[in-house]
file input_14.tsv (TSV, C-alpha atoms)
chain	number	residue	atom	x	y	z
A	1	MET	CA	119.96	91.30	-75.48
A	2	THR	CA	120.20	94.49	-73.43
A	3	THR	CA	122.24	97.40	-74.74
A	4	ALA	CA	124.99	98.46	-72.33
A	5	GLY	CA	124.27	101.71	-70.52
A	6	ARG	CA	120.62	101.86	-71.57
A	7	ALA	CA	117.75	101.81	-69.07
A	8	PHE	CA	114.03	102.55	-69.42
A	9	LEU	CA	111.66	104.13	-66.91
A	10	VAL	CA	108.02	103.25	-67.55
A	11	THR	CA	105.73	105.46	-65.49
A	12	GLY	CA	102.34	103.87	-64.95
A	13	GLY	CA	104.04	100.55	-65.67
A	14	ALA	CA	101.39	98.58	-63.79
A	15	GLY	CA	98.62	100.01	-65.94
A	16	PHE	CA	97.08	98.59	-69.08
A	17	ILE	CA	99.38	100.21	-71.64
A	18	GLY	CA	102.39	100.54	-69.37
A	19	SER	CA	102.48	96.86	-68.44
A	20	HIS	CA	102.51	95.85	-72.11
A	21	ILE	CA	105.45	98.18	-72.71
A	22	VAL	CA	107.24	96.67	-69.71
A	23	GLU	CA	106.60	93.19	-71.11
A	24	ALA	CA	108.08	94.12	-74.49
A	25	LEU	CA	111.16	95.63	-72.87
A	26	VAL	CA	111.86	92.68	-70.58
A	27	ARG	CA	111.41	90.31	-73.53
A	28	ARG	CA	114.26	92.22	-75.16
A	29	GLY	CA	116.40	91.88	-72.04
A	30	GLU	CA	116.40	95.60	-71.24
A	31	ARG	CA	116.91	97.14	-67.83
A	32	VAL	CA	113.51	98.48	-66.71
A	33	VAL	CA	112.33	100.67	-63.86
A	34	VAL	CA	108.61	100.94	-63.12
A	35	LEU	CA	107.10	103.88	-61.25
A	36	ASP	CA	103.45	103.47	-60.31
A	37	ASN	CA	101.30	104.54	-57.37
A	38	PHE	CA	98.84	101.69	-58.05
A	39	SER	CA	95.83	104.01	-57.93
A	40	THR	CA	94.61	102.61	-61.26
A	41	GLY	CA	97.48	100.24	-62.11
A	42	ARG	CA	97.29	96.66	-60.90
A	43	ARG	CA	100.01	94.38	-59.55
A	44	GLN	CA	98.62	91.44	-61.53
A	45	ASN	CA	99.33	93.39	-64.73
A	46	LEU	CA	103.00	93.53	-63.79
A	47	GLU	CA	103.04	89.87	-62.84
A	48	ALA	CA	101.63	88.99	-66.26
A	49	ALA	CA	104.13	91.29	-67.95
A	50	LEU	CA	107.10	89.66	-66.24
A	51	ARG	CA	106.20	86.00	-66.93
A	52	PRO	CA	107.99	85.98	-70.30
A	53	ARG	CA	111.03	87.86	-68.95
A	54	ALA	CA	114.16	86.98	-70.88
A	55	SER	CA	116.67	85.02	-68.83
A	56	VAL	CA	119.30	87.67	-69.56
A	57	ALA	CA	117.05	90.52	-68.38
A	58	PRO	CA	117.63	91.96	-64.93
A	59	GLU	CA	114.66	91.96	-62.57
A	60	PRO	CA	112.77	95.25	-63.09
A	61	ASP	CA	112.97	97.73	-60.25
A	62	VAL	CA	109.38	98.46	-59.19
A	63	ILE	CA	108.99	101.69	-57.24
A	64	GLU	CA	105.64	102.44	-55.64
A	65	GLY	CA	105.37	106.18	-55.92
A	66	ASP	CA	103.61	109.12	-57.54
A	67	ILE	CA	104.90	111.19	-60.45
A	68	ARG	CA	104.07	114.27	-58.34
A	69	ASP	CA	106.47	113.08	-55.62
A	70	LYS	CA	109.83	114.61	-56.52
A	71	SER	CA	111.87	112.24	-54.34
A	72	ALA	CA	110.20	109.15	-55.85
A	73	VAL	CA	110.76	110.52	-59.36
A	74	ARG	CA	114.43	111.25	-58.72
A	75	ARG	CA	114.95	107.75	-57.34
A	76	ALA	CA	113.20	106.19	-60.33
A	77	LEU	CA	115.36	108.17	-62.78
A	78	ARG	CA	118.75	107.06	-61.44
A	79	GLY	CA	120.71	105.67	-64.37
A	80	VAL	CA	117.72	105.95	-66.74
A	81	THR	CA	118.34	106.94	-70.35
A	82	HIS	CA	114.81	106.67	-71.77
A	83	VAL	CA	111.47	107.60	-70.20
A	84	LEU	CA	108.19	106.13	-71.45
A	85	HIS	CA	105.64	108.27	-69.63
A	86	GLN	CA	102.32	106.41	-69.46
A	87	ALA	CA	101.18	107.47	-65.98
A	88	ALA	CA	97.97	109.52	-66.00
A	89	LEU	CA	94.60	109.91	-64.39
A	90	PRO	CA	92.45	108.54	-67.21
A	91	SER	CA	88.87	109.11	-68.34
A	92	VAL	CA	87.06	112.05	-69.87
A	93	GLN	CA	84.11	111.48	-67.56
A	94	ARG	CA	86.27	111.45	-64.43
A	95	SER	CA	87.80	114.78	-65.50
A	96	VAL	CA	84.37	116.32	-66.03
A	97	GLU	CA	83.51	115.39	-62.43
A	98	ASP	CA	86.91	116.34	-60.98
A	99	PRO	CA	88.92	118.61	-63.29
A	100	THR	CA	91.46	119.63	-60.65
A	101	SER	CA	92.77	116.10	-60.08
A	102	SER	CA	93.11	115.48	-63.81
A	103	HIS	CA	95.19	118.62	-64.21
A	104	ASP	CA	97.27	117.90	-61.13
A	105	VAL	CA	98.31	114.43	-62.33
A	106	ASN	CA	98.35	114.81	-66.10
A	107	ALA	CA	99.73	118.32	-66.54
A	108	SER	CA	101.60	119.16	-63.32
A	109	GLY	CA	102.82	115.58	-62.89
A	110	THR	CA	104.20	115.56	-66.42
A	111	LEU	CA	105.96	118.87	-65.80
A	112	HIS	CA	107.59	117.49	-62.63
A	113	LEU	CA	108.78	114.46	-64.58
A	114	LEU	CA	110.17	116.57	-67.43
A	115	VAL	CA	112.12	118.77	-65.02
A	116	ALA	CA	113.59	115.75	-63.25
A	117	SER	CA	114.36	113.99	-66.56
A	118	ARG	CA	116.26	117.01	-67.81
A	119	GLU	CA	118.26	117.14	-64.57
A	120	ALA	CA	118.97	113.39	-64.81
A	121	GLY	CA	120.32	113.66	-68.37
A	122	VAL	CA	117.62	111.51	-69.98
A	123	LYS	CA	118.24	110.99	-73.71
A	124	ARG	CA	114.66	110.55	-74.94
A	125	PHE	CA	111.29	111.23	-73.27
A	126	VAL	CA	108.24	109.59	-74.89
A	127	TYR	CA	104.90	110.99	-73.73
A	128	ALA	CA	101.51	109.29	-73.94
A	129	SER	CA	99.24	112.01	-75.29
A	130	SER	CA	95.66	111.64	-76.49
A	131	SER	CA	93.52	112.02	-79.58
A	132	SER	CA	91.06	113.88	-77.34
A	133	ALA	CA	93.19	116.96	-78.05
A	134	TYR	CA	91.43	117.31	-81.43
A	135	GLY	CA	88.02	117.66	-79.81
A	136	ASP	CA	85.08	117.96	-82.14
A	137	ASN	CA	86.94	119.44	-85.10
A	138	PRO	CA	84.73	118.09	-87.93
A	139	VAL	CA	87.62	117.41	-90.31
A	140	LEU	CA	88.41	113.71	-90.78
A	141	PRO	CA	90.83	112.06	-90.60
A	142	LYS	CA	92.62	113.88	-87.80
A	143	VAL	CA	95.99	115.25	-88.91
A	144	GLU	CA	98.63	116.56	-86.51
A	145	THR	CA	98.69	119.99	-88.22
A	146	MET	CA	95.03	120.76	-87.52
A	147	THR	CA	93.95	123.07	-84.71
A	148	THR	CA	93.37	121.34	-81.38
A	149	SER	CA	90.03	121.96	-79.69
A	150	PRO	CA	89.75	119.93	-76.45
A	151	LEU	CA	86.25	119.39	-75.05
A	152	SER	CA	87.09	118.05	-71.58
A	153	PRO	CA	89.48	118.80	-68.72
A	154	TYR	CA	91.16	115.46	-69.46
A	155	ALA	CA	91.89	116.55	-73.03
A	156	VAL	CA	93.19	119.93	-71.84
A	157	SER	CA	95.49	118.28	-69.28
A	158	LYS	CA	96.96	115.85	-71.82
A	159	LEU	CA	97.45	118.62	-74.36
A	160	ALA	CA	99.17	120.75	-71.71
A	161	GLY	CA	101.63	117.91	-71.10
A	162	GLU	CA	102.24	117.73	-74.84
A	163	HIS	CA	103.02	121.44	-75.00
A	164	TYR	CA	105.42	121.09	-72.08
A	165	CYS	CA	107.20	118.30	-73.96
A	166	ARG	CA	107.63	120.48	-77.02
A	167	VAL	CA	108.95	123.38	-74.92
A	168	PHE	CA	111.45	121.18	-73.10
A	169	HIS	CA	112.63	119.83	-76.45
A	170	GLY	CA	113.13	123.26	-77.99
A	171	LEU	CA	114.20	125.24	-74.94
A	172	TYR	CA	116.23	122.78	-72.90
A	173	GLY	CA	117.36	120.19	-75.43
A	174	LEU	CA	115.54	117.27	-73.78
A	175	GLU	CA	114.49	115.06	-76.71
A	176	THR	CA	110.74	114.47	-76.46
A	177	VAL	CA	108.13	112.69	-78.58
A	178	ALA	CA	104.39	112.94	-77.95
A	179	LEU	CA	102.27	110.03	-79.17
A	180	ARG	CA	98.58	110.82	-79.59
A	181	TYR	CA	96.83	107.54	-78.81
A	182	PHE	CA	93.47	106.76	-80.42
A	183	ASN	CA	91.22	104.51	-78.29
A	184	VAL	CA	93.67	101.83	-77.30
A	185	PHE	CA	92.23	98.42	-76.38
A	186	GLY	CA	93.38	94.89	-75.63
A	187	PRO	CA	94.12	92.40	-72.83
A	188	ARG	CA	94.57	93.74	-69.26
A	189	GLN	CA	92.30	96.73	-69.78
A	190	ASP	CA	90.18	97.07	-66.64
A	191	PRO	CA	86.48	96.53	-67.38
A	192	THR	CA	85.35	96.99	-63.77
A	193	SER	CA	85.99	100.71	-63.31
A	194	GLN	CA	83.03	103.08	-63.59
A	195	TYR	CA	85.19	104.84	-66.16
A	196	ALA	CA	86.01	101.69	-68.14
A	197	ALA	CA	86.79	102.11	-71.82
A	198	VAL	CA	84.14	101.02	-74.28
A	199	VAL	CA	85.79	97.86	-75.69
A	200	PRO	CA	86.37	95.98	-72.40
A	201	ASN	CA	83.02	97.26	-71.19
A	202	PHE	CA	81.19	95.87	-74.22
A	203	VAL	CA	83.14	92.61	-74.32
A	204	THR	CA	82.63	91.72	-70.67
A	205	ALA	CA	78.97	92.76	-70.73
A	206	VAL	CA	78.19	90.54	-73.72
A	207	LEU	CA	80.17	87.61	-72.27
A	208	ALA	CA	78.16	87.95	-69.04
A	209	GLY	CA	74.84	88.11	-70.90
A	210	ARG	CA	74.25	91.78	-70.06
A	211	ALA	CA	73.17	94.52	-72.45
A	212	PRO	CA	76.13	96.75	-73.35
A	213	ILE	CA	75.39	100.40	-72.60
A	214	ILE	CA	75.69	103.00	-75.36
A	215	TYR	CA	75.68	106.67	-74.40
A	216	GLY	CA	74.07	108.50	-77.31
A	217	ASP	CA	72.88	107.02	-80.59
A	218	GLY	CA	75.82	104.66	-81.19
A	219	LEU	CA	76.80	106.39	-84.41
A	220	GLN	CA	79.75	108.13	-82.79
A	221	SER	CA	82.93	106.65	-84.23
A	222	ARG	CA	86.39	105.78	-82.95
A	223	ASP	CA	89.73	104.62	-84.34
A	224	PHE	CA	90.13	101.55	-82.14
A	225	THR	CA	93.83	100.73	-81.81
A	226	PHE	CA	95.11	97.37	-80.56
A	227	ILE	CA	97.70	97.51	-77.79
A	228	ASP	CA	100.49	95.80	-79.76
A	229	ASN	CA	100.54	98.68	-82.24
A	230	VAL	CA	100.93	101.22	-79.44
A	231	VAL	CA	103.77	99.27	-77.82
A	232	GLN	CA	105.71	99.12	-81.07
A	233	ALA	CA	105.22	102.86	-81.60
A	234	ASN	CA	106.67	103.57	-78.15
A	235	LEU	CA	109.73	101.41	-78.76
A	236	ASP	CA	110.35	103.04	-82.14
A	237	ALA	CA	109.87	106.52	-80.67
A	238	CYS	CA	112.81	105.82	-78.36
A	239	THR	CA	115.26	105.45	-81.23
A	240	ARG	CA	114.09	107.42	-84.27
A	241	PRO	CA	116.03	110.72	-84.29
A	242	GLU	CA	113.66	112.45	-86.72
A	243	ALA	CA	110.73	112.01	-84.30
A	244	GLY	CA	112.25	114.36	-81.73
A	245	GLY	CA	110.04	117.31	-80.81
A	246	GLN	CA	107.06	115.92	-82.72
A	247	SER	CA	103.44	115.06	-81.91
A	248	ILE	CA	102.41	111.90	-83.75
A	249	ASN	CA	99.08	110.08	-84.17
A	250	ILE	CA	99.14	106.43	-83.16
A	251	ALA	CA	96.08	104.56	-84.39
A	252	ALA	CA	94.85	101.80	-86.65
A	253	GLY	CA	93.70	104.21	-89.35
A	254	GLU	CA	90.22	102.60	-89.29
A	255	GLN	CA	86.90	104.23	-88.41
A	256	ASN	CA	84.20	102.23	-86.63
A	257	SER	CA	81.04	103.44	-84.91
A	258	LEU	CA	79.96	101.94	-81.58
A	259	LEU	CA	77.19	100.10	-83.42
A	260	GLN	CA	79.80	98.66	-85.80
A	261	LEU	CA	81.90	97.67	-82.78
A	262	LEU	CA	78.91	95.73	-81.44
A	263	GLU	CA	78.32	94.15	-84.85
A	264	GLN	CA	81.96	93.01	-85.04
A	265	LEU	CA	81.79	91.75	-81.47
A	266	GLY	CA	78.69	89.76	-82.30
A	267	SER	CA	80.46	88.30	-85.33
A	268	VAL	CA	83.41	87.19	-83.19
A	269	LEU	CA	81.09	85.65	-80.58
A	270	GLY	CA	78.48	84.28	-82.97
A	271	SER	CA	75.71	86.32	-81.34
A	272	LYS	CA	73.77	89.54	-81.81
A	273	PRO	CA	74.22	91.84	-78.80
A	274	ASP	CA	71.25	94.09	-77.99
A	275	PRO	CA	72.46	97.38	-76.45
A	276	GLU	CA	70.83	99.64	-73.90
A	277	PHE	CA	70.84	103.29	-74.98
A	278	ARG	CA	71.36	106.13	-72.51
A	279	PRO	CA	71.75	109.91	-72.94
A	280	ALA	CA	75.01	111.15	-74.41
A	281	ARG	CA	77.66	112.29	-71.91
A	282	ALA	CA	79.23	115.73	-71.68
A	283	GLY	CA	82.76	116.00	-73.04
A	284	ASP	CA	82.56	112.99	-75.36
A	285	VAL	CA	83.92	113.51	-78.86
A	286	ARG	CA	81.56	112.63	-81.73
A	287	HIS	CA	84.05	111.23	-84.26
A	288	SER	CA	87.69	110.19	-84.01
A	289	TYR	CA	89.70	108.82	-86.92
A	290	ALA	CA	93.42	109.24	-87.53
A	291	ASP	CA	95.74	109.92	-90.40
A	292	VAL	CA	98.85	107.91	-89.51
A	293	SER	CA	101.05	109.13	-92.38
A	294	LYS	CA	103.35	111.03	-90.04
A	295	ALA	CA	103.84	107.93	-87.87
A	296	ARG	CA	104.74	105.91	-90.96
A	297	GLN	CA	107.21	108.56	-92.08
A	298	LEU	CA	108.92	109.32	-88.75
A	299	LEU	CA	108.61	105.99	-86.90
A	300	GLY	CA	108.31	103.47	-89.71
A	301	TYR	CA	104.94	102.70	-88.11
A	302	ALA	CA	102.67	100.08	-89.62
A	303	PRO	CA	99.79	98.73	-87.52
A	304	ALA	CA	100.56	95.02	-87.16
A	305	VAL	CA	97.13	94.09	-85.76
A	306	ASN	CA	93.91	95.38	-87.28
A	307	PHE	CA	90.70	96.11	-85.39
A	308	ARG	CA	88.94	92.79	-86.09
A	309	ASP	CA	91.93	90.62	-85.15
A	310	GLY	CA	92.62	92.70	-82.07
A	311	LEU	CA	88.99	92.39	-80.99
A	312	ALA	CA	89.14	88.60	-81.36
A	313	ARG	CA	92.28	88.44	-79.22
A	314	THR	CA	90.68	90.70	-76.63
A	315	VAL	CA	87.54	88.54	-76.47
A	316	GLU	CA	89.67	85.44	-75.96
A	317	TYR	CA	91.52	87.13	-73.10
A	318	TYR	CA	88.34	87.98	-71.20
A	319	ARG	CA	86.65	84.69	-72.10
A	320	SER	CA	89.57	82.81	-70.54
A	321	GLY	CA	89.19	84.76	-67.30
A	322	GLY	CA	91.80	87.39	-68.03
A	323	ALA	CA	94.68	84.96	-67.73
call {"tool": "encode", "arguments": {"input": "input_14.tsv", "output": "structure tokens"}}
result
Amino acid sequence: MTTAGRAFLVTGGAGFIGSHIVEALVRRGERVVVLDNFSTGRRQNLEAALRPRASVAPEPDVIEGDIRDKSAVRRALRGVTHVLHQAALPSVQRSVEDPTSSHDVNASGTLHLLVASREAGVKRFVYASSSSAYGDNPVLPKVETMTTSPLSPYAVSKLAGEHYCRVFHGLYGLETVALRYFNVFGPRQDPTSQYAAVVPNFVTAVLAGRAPIIYGDGLQSRDFTFIDNVVQANLDACTRPEAGGQSINIAAGEQNSLLQLLEQLGSVLGSKPDPEFRPARAGDVRHSYADVSKARQLLGYAPAVNFRDGLARTVEYYRSGGA
């Protein structure tokens, strides 16, 4: 049942992560506004998100617009109390090729949204940050207190947005929370983009009988985090007062190399995928693995879906045609 006077803006709500957050909110009967320019978001993601809409939930207001467009942002923020800022220009590789666009959307766009949110009297602003901020700091697991060392323009742009959030919290009193996502995966993630994330890329390649491509030796590791865990963290970040002004790791707390990912995928499918190896790419982090103690303490976070179970659910999604 919706809470009177509460409304949520989900930027990038037609994207992979954003659409799952929208789905969770409409299941709860909340009032939801979606702002998306559909450059990487897909309308079918929103359609899937709205199928289970609670009968008591109002129809979400979908605004096609850019977070850099001040008039679109102001319209989207009317009556909004909570912002879940997922809109971004994703991909490390894309940012290496075009650093200006990554900064323009991820850093400047976030600043525009923060300014407008402050003016609109938003109560809580939750920002989708990135584990890429840690760079190649050799210390594992990654803890929020360690020095950030971004290796790509994408990582710099996301970290800049995080710093802006902290400044707006301390200087202007706009409550902000930055969630550092670690390699999120799950249904609705686009496997067709040239910048596709590794899990949907591997899954769809193996299902199609193609060799999954590994850039480097395959020993690089990631903390693969199923989408349901990220959604719950966002919802909790809206309400936990002690999380205000903080940067918080959101991950599974598990470390798997790309070769281990392939091994697990083969176990789920009952096959043994044979990868194609290509040269390592500039800007890619070697190892990523999170300490989630702070998330447990401040958000009551506990990953509900582990890597293996999330992978099985993801395989089923793509095997059924993405329905």
call {"tool": "atom_distance", "arguments": {"input": "input_14.tsv", "atom1": "atom CA of A:Ile214", "atom2": "atom CA of A:Ala280"}}
result
8.2 Å
call {"tool": "residues_around", "arguments": {"input": "input_14.tsv", "residues": "A:Leu25", "least_positions_apart": "4", "cutoff": "12 Å", "atoms": "all atoms listed in the file", "output": "ChimeraX atom specification"}}
result
/A:1-3,6-10,13,18-21,29-34,49-50,52-54,56-60,82,84,231-232,234-236,238
call {"tool": "residues_around", "arguments": {"input": "input_14.tsv", "residues": "A:Val285", "least_positions_apart": "4", "cutoff": "12 Å", "atoms": "only C-alpha atoms", "output": "MDAnalysis selection string"}}
result
chainID A and resid 92:93 131:138 149:152 155 182:183 215:216 219:223 280:281 289
call {"tool": "closest_residue", "arguments": {"input": "input_14.tsv", "among": "A:Arg188, A:Arg240, A:Arg278, A:Arg74", "to": "A:Tyr317", "atoms": "only C-alpha atoms"}}
result
A:Arg188
call {"tool": "closest_residue", "arguments": {"input": "input_14.tsv", "among": "A:Thr176, A:Thr40, A:Asn256, A:Gln297", "to": "A:Val199", "atoms": "all atoms listed in the file"}}
result
A:Asn256
call {"tool": "closest_residue", "arguments": {"input": "input_14.tsv", "among": "A:Val143, A:Ile250, A:Val73, A:Ala178", "to": "A:Gly161", "atoms": "all atoms listed in the file"}}
result
A:Ala178
call {"tool": "residues_around", "arguments": {"input": "input_14.tsv", "residues": "A:Gly321", "least_positions_apart": "6", "cutoff": "12 Å", "atoms": "all atoms listed in the file", "output": "list in words"}}
result
Pro187, Arg188, Thr204, Leu207, Ala208, Thr314 and Val315 of chain A
call {"tool": "closest_residue", "arguments": {"input": "input_14.tsv", "among": "A:Ala233, A:Leu298, A:Ala282, A:Ala48", "to": "A:Glu97", "atoms": "only C-alpha atoms"}}
result
A:Ala282
call {"tool": "axis_aligned_box", "arguments": {"input": "input_14.tsv", "around": "stretch 180-193 of chain A", "padding_each_side": "6 Å", "output": "AutoDock Vina command-line options"}}
result
--center_x 92.0 --center_y 101.6 --center_z -71.9 --size_x 25.2 --size_y 30.4 --size_z 29.1
call {"tool": "residues_around", "arguments": {"input": "input_14.tsv", "residues": "A:Ala72", "least_positions_apart": "5", "cutoff": "10 Å", "atoms": "only C-alpha atoms", "output": "ChimeraX atom specification"}}
result
/A:35-36,63-67,77
call {"tool": "residues_around", "arguments": {"input": "input_14.tsv", "residues": "A:Tyr127", "least_positions_apart": "6", "cutoff": "10 Å", "atoms": "all atoms listed in the file", "output": "NGL selection string"}}
result
:A and (11 or 83-87 or 110 or 114 or 158 or 161-162 or 165 or 176-180 or 234 or 237 or 247)
call {"tool": "atom_distance", "arguments": {"input": "input_14.tsv", "atom1": "atom CA of A:Leu89", "atom2": "atom CA of A:Ala107"}}
result
10.1 Å
call {"tool": "atom_distance", "arguments": {"input": "input_14.tsv", "atom1": "atom CA of A:Val122", "atom2": "atom CA of A:Ala243"}}
result
15.9 Å
call {"tool": "closest_residue", "arguments": {"input": "input_14.tsv", "among": "A:Ser320, A:Asn306, A:Gln189, A:Ser91", "to": "A:Tyr154", "atoms": "only C-alpha atoms"}}
result
A:Ser91
call {"tool": "residues_near_point", "arguments": {"input": "input_14.tsv", "point": "(91.8, 99.0, -76.5)", "cutoff": "6 Å", "atoms": "only C-alpha atoms", "output": "PyMOL selection string"}}
result
chain A and resi 183-186+225-226
